[in-house]
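Take a look at the structure below.
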Number of protein chains: 2
Amino acid sequence: MELGLLYSGGKDSTLAALVLDQFYDVTLTTAHFGITDDWKHARDTAEAAGFAFERLELEPDVAREAADRIREDGYPRNGIQLVHHHALERLATEGFDAVGDGTRRDDRVPTVSRAQAQSLEDRHGVDYVAPLSGFGRRAVDRLVEDALEVTAGPSEEIPRADYEAELRAFIAEEDGPEAIREYFPDHEQTYVTDVADGLR
Amino acid sequence: MELGLLYSGGKDSTLAALVLDQFYDVTLTTAHFGITDDWKHARDTAEAAGFAFERLELEPDVAREAADRIREDGYPRNGIQLVHHHALERLATEGFDAVGDGTRRDDRVPTVSRAQAQSLEDRHGVDYVAPLSGFGRRAVDRLVEDALEVTAGPSEEIPRADYEAELRAFIAEEDGPEAIREYFPDHEQTYVTDVADGLR
C-alpha cells in the first residue's frame with residue numbers, strides 16, 4: 001500500500017516514517033507555499049534516510065489566511081493548525097491509499113481529532129494514520145535517541161520545512177522582523193540528519 | 001529498551017507487537033485471573049510469531065468487582081475497562097522501560113485517556129505506548145490482511161485470552177450461562193495463528 005506522510009525533516013515525522021515503513025510504501029511529502037527554500041532540508045533528510053520524496057504545493061491564499069489568524073490571535077497555534085488541515089486535505093487527493101503525519105500524543109499543535117480523521121477518510125476514501133499519536137514526549141525522545149541523528153537549536157536558527165518557518169517568513173516580509181518576536185515564542189527545534197543503520 | 005505489551009492473541013495486539021518490535025525488546029504479556037486456560041492460546045500465537053511471552057496474574061478481587069459492575073450496568077464495557085486499567089497498573093510494576101497495549105483509535109473499550117496515560121507514566125516511571133491509537137478500523141484491517149494469519153468467528157467460539165472470556169466464565173459460573181447472553185452482546189472476534197514471513 002502506498003502512503004504519503006506529511007514531512008518536515010524533524011524528528012517526529014522522521015520517526016513516524018520509520019514506524020510506517022514496515023507496512024507501507026512510504027513517500028515523504030513536504031507541503032509548502034513556495035515562500036522559502038526550507039523544503040530542501042526535508043528533501044536532504046529524506047534522501048539520507050532512503051525514502052521517496054515529493055513536494056506538495058499549498059494554496060497561497062491559505063498562507064494569507066493563516067498569517068491573518070496569527071496576527072489576530074497574537075500567537076501561531078491556530079494559524080499552523082489551519083495550514084496542517086489544508087495540507088492533509090491536499091495530500092488526501094494525491095492518490096495514496098493512506099496519508100499520515102507525525103503528531104504525538106502530547107502535541108498541542110497540529111492536532112487531528114478523531115472526528116476530523118474520520119471525516120478525512122470518509123470524504124477522500126483514504127486511511128489517515130498518526131503512528132506517533134499513542135506515544136508521549138519522553139517515549140518519542142527515547143526512540144529518537146536510538147534511531148536518529150538529530151541537530152537541535154533555537155527555532156530561529158534550525159532549518160526545517162515546517163509551516164512555521166514559512167509563516168514566519170511571510171509575516172516578516174509584510175510586517176517586519178520584529179513582528180516575528182511578537183507572535184512566535186522562541187522554542188527548541190530539531191532536524192534530522194540521518195537514520196541509524198539497520199532501521200532502513 | 002524492554003517493553004511489556006498487554007497481549008490477547010487477537011489481531012490488534014499482535015499488530016501492535018509488530019509495530020513496536022522494530023524499536024523495543026517486546027515481551028507479550030497476557031494478563032489473566034486463572035479462571036480459564038485461554039491464556040494458552042495467546043502463548044501459542046506469541047510462540048508462532050517468535051516473541052517472548054509472560055503471564056501476568058491479576059487480583060481475583062478485580063474479577064469480582066468487574067463482574068459486579070457488568071451485572072449492575074447490564075453490559076460489559078465498564079467492567080472490561082476496569083480490568084484493563086488494573087492490568088496496566090500491574091504491568092507497570094514489572095520492571096519494563098515501557099508498557100503498551102493494542103488499543104485502536106476507534107475502540108470504545110478498553111480506552112486509555114491522555115490523562116490516564118500521563119498518570120501511569122508519572123507514577124511508575126515507565127513510558128506507556130499505544131501504537132495503534134492513531135489507526136482507524138479500516139487501516140488496521142488492511143495491515144492485518146497483509147501481515148497476519150487470522151481466524152475469525154463469533155465471540156463464543158473463538159479462543160482468546162482477553163478479559164472478556166474470563167469475565168464470561170466467571171459470571172456463567174455464578175449466574176448460569178443464560179446471564180452471558182444477557183450481558184454480553186455476541187460479536188465477531190478474531191485470533192491470530194501466525195505472522196507473515198519477513199515481519200519477524
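By convention here, the chains of the C-alpha cells are called A, B, ... in the order presented, each chain's residues are numbered starting at 1, and ligands are numbered starting at 1 in the order presented.
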What are the closest atom pairs, with distances in Å to one decimal, for all residues of chain A lying within 8 Å of chain B? Consider only C-alpha atoms, order rows by chain and residue number, and present the result as CSV.
```
residue,atom,partner,partner_atom,distance
A:Val19,CA,B:Val19,CA,6.6
A:Gln22,CA,B:Leu199,CA,7.7
A:Phe23,CA,B:Leu143,CA,6.9
A:Arg105,CA,B:Arg114,CA,7.2
A:Asp106,CA,B:Arg114,CA,8.0
A:Arg114,CA,B:Arg105,CA,7.2
A:Asp127,CA,B:Ala139,CA,5.7
A:Tyr128,CA,B:Phe135,CA,7.2
A:Val129,CA,B:Phe135,CA,5.0
A:Ala130,CA,B:Gly134,CA,4.4
A:Pro131,CA,B:Gly134,CA,5.3
A:Leu132,CA,B:Pro131,CA,6.9
A:Ser133,CA,B:Gly134,CA,5.3
A:Gly134,CA,B:Ala130,CA,4.4
A:Phe135,CA,B:Val129,CA,5.0
A:Gly136,CA,B:Val129,CA,7.4
A:Arg138,CA,B:Asp127,CA,7.1
A:Ala139,CA,B:Asp127,CA,5.7
A:Leu143,CA,B:Phe23,CA,6.9
A:Leu199,CA,B:Gln22,CA,7.7
```
Selection export as an mmCIF file, in the first residue's frame, atoms kept: C-alpha atoms:
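Saved result, result.cif, follows:
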```
data_model
loop_
_atom_site.group_PDB
_atom_site.id
_atom_site.type_symbol
_atom_site.label_atom_id
_atom_site.label_comp_id
_atom_site.auth_asym_id
_atom_site.auth_seq_id
_atom_site.Cartn_x
_atom_site.Cartn_y
_atom_site.Cartn_z
ATOM 1 C CA VAL A 19 7.291 3.181 12.086
ATOM 2 C CA GLN A 22 7.473 -1.765 7.761
ATOM 3 C CA PHE A 23 3.900 -1.835 6.458
ATOM 4 C CA ARG A 105 0.053 12.276 21.945
ATOM 5 C CA ASP A 106 1.121 15.458 23.737
ATOM 6 C CA ARG A 114 -10.887 11.506 15.857
ATOM 7 C CA ASP A 127 -6.914 5.894 5.542
ATOM 8 C CA TYR A 128 -5.464 8.561 7.835
ATOM 9 C CA VAL A 129 -2.821 7.281 10.238
ATOM 10 C CA ALA A 130 -0.912 9.049 13.009
ATOM 11 C CA PRO A 131 1.586 6.429 14.154
ATOM 12 C CA LEU A 132 3.032 8.541 16.987
ATOM 13 C CA SER A 133 -0.271 9.634 18.457
ATOM 14 C CA GLY A 134 -0.039 6.860 21.042
ATOM 15 C CA PHE A 135 3.464 7.939 22.141
ATOM 16 C CA GLY A 136 4.223 10.669 24.680
ATOM 17 C CA ARG A 138 9.511 11.012 26.607
ATOM 18 C CA ALA A 139 8.828 7.787 24.697
ATOM 19 C CA LEU A 143 13.181 6.242 20.386
ATOM 20 C CA LEU A 199 16.423 0.818 10.516
#
```
Just want the 8 Å neighbourhood of Asp194 (chain A), counted on only C-alpha atoms, with same-chain residues fewer than 5 positions away dropped. Output as a count of residues only. 6
Pick out the residues sitting within 7 Å of region 71-85 of chain B, and hand them over as a list in words; count only C-alpha atoms, and ignore anything fewer than 5 positions along from it in its own chain.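 What passes the distance filter is Val62, Ala66, Val109, Pro110, Tyr163, Glu164, Tyr183 and Phe184 of chain B.
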DSSP on the backbone, then: every residue of region 2-122 of chain B marked strand (DSSP E), written as a ChimeraX atom specification. /B:2-6,25-32,52-57,98-100
Run DSSP on the backbone and grab whatever in region 3-200 of chain A lands in alpha helix (DSSP H); send it over as a VMD selection string. chain A and resid 11 to 21 39 to 49 60 to 73 77 to 91 114 to 124 137 to 147 163 to 175 177 to 183
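Between Gly4 (chain B) and the candidates B:Gly153, B:Gly34, B:Gly176, B:Gly95, the tightest atom-to-atom separation, counting only C-alpha atoms, involves B:Gly95.
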B:His32, B:His187, B:Arg69, B:Lys40: which is nearest Glu57 (chain B), counting only C-alpha atoms? B:His32
May I ask which of the residues A:Gly125, A:Ala46, A:Arg200, A:Arg168 is the closest one to Asp186 (chain A), counting only C-alpha atoms?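 Among A:Gly125, A:Ala46, A:Arg200, A:Arg168, it is A:Arg168 that comes nearest to Asp186 (chain A).
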